[in-house]
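*Asks:* Got a file for you: input33.txt, compact mmCIF, C-alpha atoms.
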# COMPACT_ATOMS: atom_id res chain seq x y z
CA MET A 1 -23.29 7.42 24.15
CA ASN A 2 -25.69 4.48 24.08
CA VAL A 3 -25.74 1.83 21.37
CA TYR A 4 -28.88 -0.30 21.08
CA HIS A 5 -29.64 -3.52 19.23
CA PHE A 6 -32.59 -2.54 17.07
CA LYS A 7 -34.16 -5.98 16.64
CA LYS A 8 -33.74 -7.16 20.23
CA GLY A 9 -34.50 -3.80 21.82
CA THR A 10 -31.55 -4.15 24.19
CA GLU A 11 -28.58 -1.97 24.96
CA ILE A 12 -25.30 -3.14 23.48
CA CYS A 13 -23.09 -0.70 25.37
CA ASN A 14 -22.76 2.77 26.81
CA TYR A 15 -19.77 5.08 27.10
CA SER A 16 -19.04 8.52 28.49
CA TYR A 17 -16.38 10.88 27.21
CA SER A 18 -14.39 13.79 28.54
CA SER A 19 -16.35 16.44 26.60
CA LYS A 20 -19.47 16.86 24.53
CA ILE A 21 -20.06 14.38 21.71
CA LEU A 22 -20.40 16.35 18.47
CA SER A 23 -20.92 13.55 15.95
CA ILE A 24 -20.90 9.76 15.60
CA ARG A 25 -20.10 7.72 12.48
CA LEU A 26 -20.16 3.96 12.06
CA ASN A 27 -19.95 1.14 9.58
CA ARG A 28 -19.92 -2.61 10.19
CA GLN A 29 -16.29 -2.54 11.33
CA ARG A 30 -15.70 0.72 13.19
CA LEU A 31 -17.57 3.25 15.34
CA VAL A 32 -16.11 6.76 15.48
CA VAL A 33 -16.93 9.34 18.16
CA CYS A 34 -15.88 12.89 17.36
CA LEU A 35 -15.27 15.48 20.09
CA GLU A 36 -14.07 19.02 19.54
CA GLU A 37 -10.37 18.21 19.87
CA SER A 38 -10.20 14.41 19.81
CA ILE A 39 -11.57 11.37 17.97
CA TYR A 40 -12.24 7.91 19.45
CA ILE A 41 -12.25 4.81 17.23
CA HIS A 42 -13.99 1.66 18.53
CA ASN A 43 -14.12 -1.87 17.18
CA ILE A 44 -17.84 -2.28 16.61
CA LYS A 45 -17.86 -6.06 17.22
CA ASP A 46 -16.92 -5.73 20.89
CA MET A 47 -16.81 -1.91 21.27
CA LYS A 48 -13.21 -2.04 22.44
CA LEU A 49 -11.45 1.30 22.13
CA LEU A 50 -8.80 0.84 19.44
CA LYS A 51 -7.41 4.33 18.98
CA THR A 52 -7.71 7.85 20.34
CA ILE A 53 -6.61 10.63 18.02
CA MET A 54 -5.70 13.42 20.39
CA ASP A 55 -5.10 17.13 19.85
CA THR A 56 -6.95 17.39 16.57
CA PRO A 57 -7.52 20.95 15.28
CA PRO A 58 -10.54 22.61 16.93
CA ASN A 59 -13.60 21.10 15.26
CA THR A 60 -16.62 22.83 16.79
CA THR A 61 -19.15 21.24 14.42
CA GLY A 62 -17.84 17.68 14.74
CA LEU A 63 -17.15 17.48 11.01
CA CYS A 64 -15.91 14.06 9.94
CA ALA A 65 -16.77 11.31 7.47
CA LEU A 66 -16.36 7.53 7.65
CA SER A 67 -16.58 5.22 4.66
CA ILE A 68 -19.61 2.92 4.94
CA ASN A 69 -17.57 0.19 3.24
CA HIS A 70 -16.17 -1.58 6.30
CA ALA A 71 -13.47 -3.26 4.23
CA ASN A 72 -12.24 0.22 3.36
CA SER A 73 -12.78 2.10 6.64
CA TYR A 74 -11.22 5.46 5.85
CA LEU A 75 -11.90 8.37 8.17
CA ALA A 76 -11.68 12.00 7.02
CA TYR A 77 -11.63 15.03 9.30
CA PRO A 78 -10.29 18.62 9.22
CA GLY A 79 -6.51 18.76 9.40
CA SER A 80 -6.51 22.50 10.09
CA ALA A 81 -8.84 25.03 11.67
CA THR A 82 -7.79 27.84 9.32
CA SER A 83 -7.41 26.10 5.94
CA GLY A 84 -9.21 23.40 4.02
CA GLU A 85 -6.76 20.60 4.72
CA ILE A 86 -8.23 17.10 5.03
CA ALA A 87 -6.64 14.50 7.28
CA LEU A 88 -7.24 10.98 5.96
CA TYR A 89 -6.94 8.12 8.46
CA ASP A 90 -7.14 4.38 7.82
CA GLY A 91 -9.55 2.96 10.38
CA ASN A 92 -8.46 -0.63 9.71
CA THR A 93 -4.69 -0.27 10.00
CA LEU A 94 -5.04 2.65 12.47
CA LYS A 95 -2.51 4.72 10.57
CA THR A 96 -2.58 8.11 8.86
CA ALA A 97 -3.06 7.66 5.12
CA CYS A 98 -2.38 11.18 3.80
CA THR A 99 -3.31 14.84 4.03
CA ILE A 100 -5.17 16.56 1.19
CA PRO A 101 -4.92 20.35 0.60
CA ALA A 102 -8.52 20.57 -0.59
CA HIS A 103 -9.50 24.24 -0.14
CA ASP A 104 -8.12 27.61 0.87
CA GLY A 105 -10.72 28.19 3.59
CA PRO A 106 -11.89 25.95 6.46
CA LEU A 107 -13.89 22.83 5.62
CA ALA A 108 -17.69 22.70 5.87
CA ALA A 109 -18.64 19.30 4.44
CA LEU A 110 -17.07 15.89 3.77
CA ALA A 111 -18.57 12.74 2.22
CA PHE A 112 -17.28 9.38 0.97
CA ASN A 113 -18.86 7.41 -1.84
CA SER A 114 -20.26 3.94 -1.10
CA THR A 115 -16.99 2.10 -1.80
CA GLY A 116 -14.72 4.55 -0.01
CA SER A 117 -12.74 5.22 -3.19
CA LYS A 118 -13.82 8.88 -3.56
CA LEU A 119 -14.09 11.76 -1.12
CA ALA A 120 -16.05 14.97 -1.75
CA SER A 121 -15.40 18.20 0.14
CA ALA A 122 -16.63 21.78 0.36
CA SER A 123 -15.31 24.80 2.24
CA GLU A 124 -17.15 27.36 4.32
CA LYS A 125 -17.52 29.55 1.24
CA GLY A 126 -19.58 26.83 -0.40
CA THR A 127 -18.83 27.92 -3.96
CA VAL A 128 -16.59 25.03 -5.09
CA ILE A 129 -16.96 21.30 -4.46
CA ARG A 130 -14.04 18.97 -5.13
CA VAL A 131 -13.79 15.19 -5.38
CA PHE A 132 -10.56 13.32 -4.59
CA SER A 133 -9.39 9.76 -5.11
CA ILE A 134 -8.85 7.64 -2.00
CA PRO A 135 -6.35 6.81 -0.61
CA GLY A 136 -4.05 8.76 -2.95
CA GLY A 137 -5.80 12.13 -2.59
CA GLN A 138 -5.58 13.18 -6.25
CA LYS A 139 -8.20 15.65 -7.42
CA LEU A 140 -10.66 14.00 -9.81
CA TYR A 141 -13.46 16.55 -10.22
CA GLU A 142 -14.15 20.17 -9.46
CA PHE A 143 -17.67 21.58 -9.49
CA ARG A 144 -18.84 25.15 -9.07
CA ARG A 145 -22.01 25.54 -7.05
CA GLY A 146 -22.25 29.28 -7.55
CA MET A 147 -20.34 32.55 -7.75
CA LYS A 148 -22.64 35.31 -6.49
CA ARG A 149 -22.88 34.44 -2.81
CA TYR A 150 -21.29 32.32 -0.14
CA VAL A 151 -23.47 29.62 1.41
CA ASN A 152 -23.33 27.04 4.17
CA ILE A 153 -23.21 23.54 2.67
CA SER A 154 -25.40 21.42 4.94
CA SER A 155 -25.41 18.14 3.00
CA LEU A 156 -23.01 16.45 0.59
CA VAL A 157 -23.80 12.93 -0.63
CA PHE A 158 -22.96 10.52 -3.46
CA SER A 159 -25.42 8.21 -5.18
CA MET A 160 -24.78 4.52 -4.47
CA ASP A 161 -23.30 4.00 -7.95
CA SER A 162 -21.08 7.11 -7.54
CA GLN A 163 -22.41 8.63 -10.77
CA PHE A 164 -23.96 11.65 -9.05
CA LEU A 165 -23.05 14.00 -6.22
CA CYS A 166 -25.67 16.11 -4.45
CA ALA A 167 -25.03 19.31 -2.50
CA SER A 168 -27.56 21.31 -0.51
CA SER A 169 -27.15 24.47 1.52
CA ASN A 170 -29.07 27.12 3.43
CA THR A 171 -30.39 28.49 0.11
CA GLU A 172 -33.41 27.31 -1.82
CA THR A 173 -31.36 25.48 -4.48
CA VAL A 174 -30.12 21.88 -4.37
CA HIS A 175 -27.42 21.01 -6.93
CA ILE A 176 -26.75 17.58 -8.44
CA PHE A 177 -23.47 17.04 -10.28
CA LYS A 178 -22.66 14.22 -12.67
CA LEU A 179 -19.28 12.54 -12.25
CA GLU A 180 -18.00 11.92 -15.74
CA HIS A 181 -14.85 12.77 -17.66
CA LEU A 182 -14.58 13.59 -21.35
CA THR A 183 -11.98 11.27 -22.85
CA ASP A 184 -9.34 12.40 -25.31
CA SER A 185 -10.26 9.56 -27.66
CA ARG A 186 -13.66 11.01 -28.57
CA PRO A 187 -14.39 11.32 -32.30
CA GLU A 188 -13.45 14.50 -34.11
CA GLU A 189 -16.29 17.03 -34.21
CA PRO A 190 -17.53 18.20 -37.62
CA PRO A 191 -16.18 21.60 -38.73
CA THR A 192 -19.00 23.80 -37.42
CA TRP A 193 -18.99 27.36 -36.11
CA SER A 194 -19.68 26.16 -32.54
CA GLY A 195 -16.85 23.66 -32.83
CA TYR A 196 -14.39 26.36 -33.85
CA MET A 197 -15.55 28.61 -31.01
CA GLY A 198 -15.17 25.79 -28.52
CA LYS A 199 -11.58 25.16 -29.60
CA MET A 200 -10.78 28.88 -29.46
CA PHE A 201 -12.25 29.11 -25.96
CA GLN A 202 -10.24 26.11 -24.80
CA ALA A 203 -7.03 27.52 -26.25
CA ALA A 204 -7.65 30.94 -24.67
CA THR A 205 -7.74 29.47 -21.18
CA ASN A 206 -4.04 28.60 -21.51
CA TYR A 207 -3.19 32.33 -21.55
CA LEU A 208 -5.41 33.40 -18.67
CA PRO A 209 -4.42 33.55 -14.99
CA ALA A 210 -4.63 30.20 -13.25
CA GLN A 211 -7.52 31.31 -11.03
CA VAL A 212 -9.59 32.49 -14.00
CA SER A 213 -8.82 29.49 -16.22
CA GLY A 214 -9.58 27.11 -13.35
CA MET A 215 -12.94 28.75 -12.80
CA MET A 216 -13.80 28.44 -16.51
CA SER A 217 -12.95 24.73 -16.51
CA GLN A 218 -15.16 23.90 -13.50
CA ASP A 219 -18.25 21.84 -14.24
CA ARG A 220 -21.73 23.14 -13.48
CA ALA A 221 -24.73 21.38 -11.99
CA PHE A 222 -26.26 18.56 -14.03
CA ALA A 223 -29.63 18.89 -12.28
CA THR A 224 -31.18 21.26 -9.75
CA VAL A 225 -34.09 21.51 -7.33
CA ARG A 226 -35.79 24.73 -6.26
CA LEU A 227 -37.14 24.32 -2.75
CA ASN A 228 -40.02 26.47 -1.56
CA ILE A 229 -38.06 27.38 1.56
CA SER A 230 -34.63 28.85 2.28
CA GLY A 231 -32.53 29.42 5.36
CA GLN A 232 -33.39 26.03 6.87
CA ARG A 233 -30.96 23.20 7.38
CA ASN A 234 -31.68 20.23 5.16
CA ILE A 235 -30.23 16.80 4.39
CA CYS A 236 -30.33 15.10 1.00
CA ALA A 237 -30.02 11.55 -0.28
CA LEU A 238 -29.81 10.06 -3.76
CA SER A 239 -31.63 6.75 -3.87
CA THR A 240 -33.19 4.25 -6.24
CA ILE A 241 -36.85 3.62 -5.42
CA GLN A 242 -38.71 1.05 -7.48
CA LYS A 243 -35.78 1.02 -9.94
CA LEU A 244 -36.04 4.78 -10.58
CA PRO A 245 -33.53 7.43 -9.38
CA ARG A 246 -34.94 9.75 -6.74
CA LEU A 247 -33.70 12.74 -4.77
CA LEU A 248 -34.85 12.88 -1.14
CA VAL A 249 -34.67 16.17 0.75
CA THR A 250 -35.64 16.44 4.41
CA THR A 251 -35.80 19.84 6.09
CA SER A 252 -35.48 20.94 9.70
CA ASP A 253 -39.20 21.81 9.83
CA GLY A 254 -40.06 18.11 9.55
CA HIS A 255 -40.86 17.59 5.88
CA LEU A 256 -39.54 15.06 3.39
CA TYR A 257 -39.63 15.90 -0.31
CA ILE A 258 -39.15 13.27 -3.02
CA TYR A 259 -38.11 14.41 -6.49
CA ASN A 260 -37.69 12.62 -9.78
CA LEU A 261 -34.17 12.75 -11.28
CA ASP A 262 -33.64 12.34 -15.00
CA PRO A 263 -30.30 10.43 -15.22
CA GLN A 264 -29.90 11.20 -18.92
CA ASP A 265 -30.83 14.85 -19.40
CA GLY A 266 -30.81 16.23 -15.86
CA GLY A 267 -32.39 19.68 -15.63
CA GLU A 268 -35.00 20.74 -13.11
CA CYS A 269 -36.13 17.86 -10.89
CA VAL A 270 -39.86 17.29 -10.54
CA LEU A 271 -41.53 17.05 -7.12
CA ILE A 272 -43.38 13.74 -6.69
CA LYS A 273 -44.35 13.44 -3.02
CA THR A 274 -44.24 15.41 0.21
CA HIS A 275 -44.25 13.67 3.60
CA SER A 276 -44.83 15.22 7.02
CA LEU A 277 -42.43 13.55 9.46
CA LEU A 278 -43.62 15.33 12.59
CA GLY A 279 -47.36 15.59 12.02
CA SER A 280 -50.03 13.02 11.32
CA GLY A 281 -47.95 11.32 8.62
CA LYS A 282 -50.14 12.53 5.76
CA MET A 283 -48.62 12.26 2.32
CA GLU A 284 -49.21 14.76 -0.46
CA GLU A 285 -48.70 13.52 -4.00
CA ASN A 286 -48.11 15.30 -7.25
CA LYS A 287 -50.51 13.04 -9.13
CA GLU A 288 -49.71 14.66 -12.43
CA ASN A 289 -46.11 13.39 -12.33
CA ASP A 290 -46.36 10.37 -10.05
CA LEU A 291 -47.16 7.24 -12.02
CA GLN A 292 -45.89 4.85 -9.38
CA PRO A 293 -47.96 3.08 -6.70
CA PRO A 294 -47.63 4.36 -3.11
CA VAL A 295 -44.40 3.38 -1.43
CA PRO A 296 -44.92 1.07 1.60
CA GLN A 297 -44.03 2.15 5.11
CA SER A 298 -40.30 2.91 5.13
CA TYR A 299 -37.56 2.22 7.65
CA ALA A 300 -37.37 5.94 8.47
CA ALA A 301 -41.09 6.03 9.26
CA THR A 302 -40.69 2.98 11.50
CA VAL A 303 -37.89 4.63 13.50
CA ALA A 304 -39.81 7.91 13.66
CA ARG A 305 -42.63 6.27 15.62
CA GLN A 306 -42.48 6.76 19.38
CA SER A 307 -40.90 3.71 20.97
CA THR A 308 -39.98 2.77 24.50
CA VAL A 309 -36.44 1.78 25.34
CA PRO A 310 -35.79 -0.40 28.38
CA SER A 311 -34.25 1.29 31.36
CA THR A 312 -30.46 1.37 31.30
CA SER A 313 -30.40 0.13 34.86
CA THR A 314 -31.81 -3.26 33.82
CA MET A 315 -29.93 -3.71 30.56
CA PRO A 316 -26.54 -5.37 30.08
CA GLY A 317 -23.69 -3.07 29.11
CA TYR A 318 -19.97 -3.11 28.49
CA SER A 319 -17.36 -2.62 31.14
CA GLU A 320 -14.32 -0.37 30.96
CA ASP A 321 -12.18 -3.15 29.50
CA GLY A 322 -14.09 -2.87 26.20
CA GLY A 323 -16.80 -5.46 26.77
CA ALA A 324 -14.75 -8.63 27.20
CA LEU A 325 -16.34 -9.48 30.54
CA ARG A 326 -19.87 -8.13 30.43
CA GLY A 327 -22.51 -7.30 27.85
CA GLU A 328 -23.45 -8.73 24.51
CA VAL A 329 -21.05 -9.10 21.59
CA ILE A 330 -22.73 -8.79 18.20
CA PRO A 331 -22.69 -12.23 16.52
CA GLU A 332 -20.45 -12.55 13.49
CA HIS A 333 -23.29 -13.81 11.27
CA GLU A 334 -25.16 -10.52 11.69
CA PHE A 335 -22.50 -8.63 9.75
CA ALA A 336 -23.52 -8.46 6.09
CA THR A 337 -20.95 -8.29 3.31
CA GLY A 338 -22.23 -4.99 1.96
CA PRO A 339 -23.48 -1.66 3.30
CA VAL A 340 -26.83 -1.30 5.03
CA CYS A 341 -29.69 -0.77 2.53
CA LEU A 342 -32.35 1.39 4.11
CA ASP A 343 -34.86 0.56 1.36
CA ASP A 344 -34.76 -3.06 2.49
CA GLU A 345 -37.29 -3.56 5.28
CA ASN A 346 -35.32 -6.60 6.51
CA GLU A 347 -32.26 -4.48 7.33
CA PHE A 348 -32.15 -2.65 10.66
CA PRO A 349 -28.89 -0.87 11.51
CA PRO A 350 -28.02 -0.05 15.13
CA ILE A 351 -29.50 3.01 16.79
CA ILE A 352 -27.16 5.37 18.65
CA LEU A 353 -28.32 7.86 21.25
CA CYS A 354 -26.16 10.53 22.87
CA ARG A 355 -26.80 11.63 26.44
CA GLY A 356 -25.31 14.93 27.50
CA GLY A 357 -21.65 14.11 26.95
CA GLN A 358 -20.77 14.85 30.56
CA PRO A 359 -17.24 14.16 31.80
CA GLY A 360 -16.62 10.73 33.30
CA LYS A 361 -15.46 7.21 32.61
CA ALA A 362 -17.24 4.45 30.77
CA LYS A 363 -20.37 3.53 32.66
CA ARG A 364 -21.08 0.08 34.04
CA SER A 365 -24.58 -1.32 33.81
Write out the structure in this file as structure tokens.

*Replies:*
Amino acid sequence: MNVYHFKKGTEICNYSYSSKILSIRLNRQRLVVCLEESIYIHNIKDMKLLKTIMDTPPNTTGLCALSINHANSYLAYPGSATSGEIALYDGNTLKTACTIPAHDGPLAALAFNSTGSKLASASEKGTVIRVFSIPGGQKLYEFRRGMKRYVNISSLVFSMDSQFLCASSNTETVHIFKLEHLTDSRPEEPPTWSGYMGKMFQAATNYLPAQVSGMMSQDRAFATVRLNISGQRNICALSTIQKLPRLLVTTSDGHLYIYNLDPQDGGECVLIKTHSLLGSGKMEENKENDLQPPVPQSYAATVARQSTVPSTSTMPGYSEDGGALRGEVIPEHEFATGPVCLDDENEFPPIILCRGGQPGKAKRS
């Protein structure tokens, strides 16, 4: 693993681990390296190894999630290889917070909201998505993505304000759920036929089997997107661009799709722009629906450009003692109080590159 300082173009540190690196997560306080049966937690200010969680259940996909709120650095990872148990670990105190029995089957996706107060999860079946409170682990929401077929959830993400949750899979449909609860103090509905039927339906669920009544009480998608492709891995993000909510979907074939999201009525999202990330960078616009001026060159486009990285043999790195003797410690003033905002061209988070994951000790530069 190599960590580079984006602005200075220099290497901060490099480490090697005993087996292949499957995933890396970081915030401004912690850096987490996930292997198949172990997890390493580093202090990001000096890259000192703080904790090694050994003998974790086999995690072949490197599934884990780290809160981007560094003041609330919770880490979630599978607590079982056969069931949907979530292990919640406090990255600041370096103690286990709790375990959450989230699903019957093995986990497929995990995601924290921006404050680290909510955790969303999905199992390998991909039909039900649940949201839990953190650190208590109480179930807050339950959403049904579908019933007809099992899917592989490839992306699960909250909006920054935690009002929406987006889920995408290997199918052509992207689902957006709205996180809201109906309060018991709402005004009494007028005596209409639909009102009577609603009350009868609600009362009937009390006499049905728990599995059936639970399915009937699950919320459905607030908004959806129909992609023109299926079977490809994709990653989604809910963002605010020029003060308007947008859904961003990037696919494994190198395309970025930007959709409009109606925060009030939901429904089918409208395609606004299509970007080619691997080609000439041409942008296709849906002029009929796009009333906004072109968006300036983004951070993602800047990183996507071919760049040269100095040779590791000439760059300072950290020694095995965690960087106390050699290398460059990130200055305290470069740590912002909030999460990194990728729509701010003045913000440049660190870049992490993985090399092979061959066995060995931490490398010296």

*Asks:* Mind pulling up the distance from atom CA of Ile229 of chain A to atom CA of Ile24 of chain A?

*Replies:* 28.3 Å

*Asks:* Of the candidates A:Met54, A:Ala120, A:Ile134, A:Val32, which shows the shortest atom-to-atom distance to Gly91 of chain A, using only C-alpha atoms?

*Replies:*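 Of all the options, A:Val32 lies closest to Gly91 of chain A.
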
*Asks:* To one decimal place, how far is atom CA of Asn43 of chain A from atom CA of Ala87 of chain A in Å?

*Replies:*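 Atom CA of Asn43 of chain A sits 20.5 Å away from atom CA of Ala87 of chain A.
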
*Asks:* So which one's closest to Phe222 of chain A, A:Asn72, A:Thr251, A:Gln163, A:Asn170? Using only C-alpha atoms, please.

*Replies:* A:Gln163

*Asks:* Tell me which protein, DNA and RNA residues are within 9 Å of Cys34 of chain A, counting all atoms listed in the file, leaving out same-chain ones fewer than 5 positions away, and put them as a PDB file with C-alpha atoms, keeping the file's coordinate frame.

*Replies:*
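To be explicit, this is the file written out as result.pdb:
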ATOM      1  CA  LYS A  20     -19.470  16.860  24.530  1.00  0.00           C
ATOM      2  CA  ILE A  21     -20.060  14.380  21.710  1.00  0.00           C
ATOM      3  CA  LEU A  22     -20.400  16.350  18.470  1.00  0.00           C
ATOM      4  CA  SER A  23     -20.920  13.550  15.950  1.00  0.00           C
ATOM      5  CA  ILE A  24     -20.900   9.760  15.600  1.00  0.00           C
ATOM      6  CA  ARG A  25     -20.100   7.720  12.480  1.00  0.00           C
ATOM      7  CA  ILE A  39     -11.570  11.370  17.970  1.00  0.00           C
ATOM      8  CA  TYR A  40     -12.240   7.910  19.450  1.00  0.00           C
ATOM      9  CA  ILE A  41     -12.250   4.810  17.230  1.00  0.00           C
ATOM     10  CA  ASN A  59     -13.600  21.100  15.260  1.00  0.00           C
ATOM     11  CA  GLY A  62     -17.840  17.680  14.740  1.00  0.00           C
ATOM     12  CA  LEU A  63     -17.150  17.480  11.010  1.00  0.00           C
ATOM     13  CA  CYS A  64     -15.910  14.060   9.940  1.00  0.00           C
TER      14      CYS A  64
END

*Asks:* Can you measure atom CA of Ser159 of chain A to atom CA of Arg226 of chain A for me? One decimal in Å is fine.

*Replies:* 19.5 Å

*Asks:* Quick one: everything within 12 Å of Phe132 of chain A, counting all atoms listed in the file, minus sequence neighbours fewer than 5 positions away in the same chain. Send it as a list in words.

*Replies:*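 Here the qualifying residues turn out to be Ala76, Ile86, Leu88, Cys98, Thr99, Ile100, Pro101, Ala102, His103, Leu110, Ala111, Phe112, Asn113, Gly116, Ser117, Lys118, Leu119, Ala120, Ser121, Ala122, Gly137, Gln138, Lys139, Leu140, Tyr141, Glu142, Phe143 and Leu179 of chain A.
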
*Asks:* Between A:Ala221, A:Ala81, A:Ile235, A:Val157, single out the one closest to Ser169 of chain A, counting all atoms listed in the file.

*Replies:* A:Ile235

*Asks:* Every residue with an atom at most 7 Å from (-36.2, 17.8, -11.8) (file coordinates; only C-alpha atoms) is what I'm after, so could you write them as a list in words?

*Replies:*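 Residues close enough to count: Ala223, Thr224, Val225, Tyr259, Asn260, Leu261, Asp262, Gly266, Gly267, Glu268, Cys269 and Val270 of chain A.
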
*Asks:* Find the spatial neighbours of Leu248 of chain A, counting all atoms listed in the file, within a cut-off of 12 Å - ignore same-chain residues fewer than 2 positions away - and output them as a ChimeraX atom specification.

*Replies:* /A:155,157,159,166-168,174,176,225,227,234-241,245-246,250-251,255-261,269-275

*Asks:* Which residue is closest to His42 of chain A? Choose from A:Ala71, A:Leu26, A:Ile12, A:Leu244 and count all atoms listed in the file.

*Replies:*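 Looking only at the distances to His42 of chain A, the closest residue turns out to be A:Leu26.
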
*Asks:* Identify, on the basis of only C-alpha atoms, every residue whose closest approach to Ser80 of chain A does not exceed 10 Å; exclude the query and any residue fewer than 2 positions from it along the same chain; express the result as a PyMOL selection string.

*Replies:* chain A and resi 56-59+77-78+82-87+101+105-107
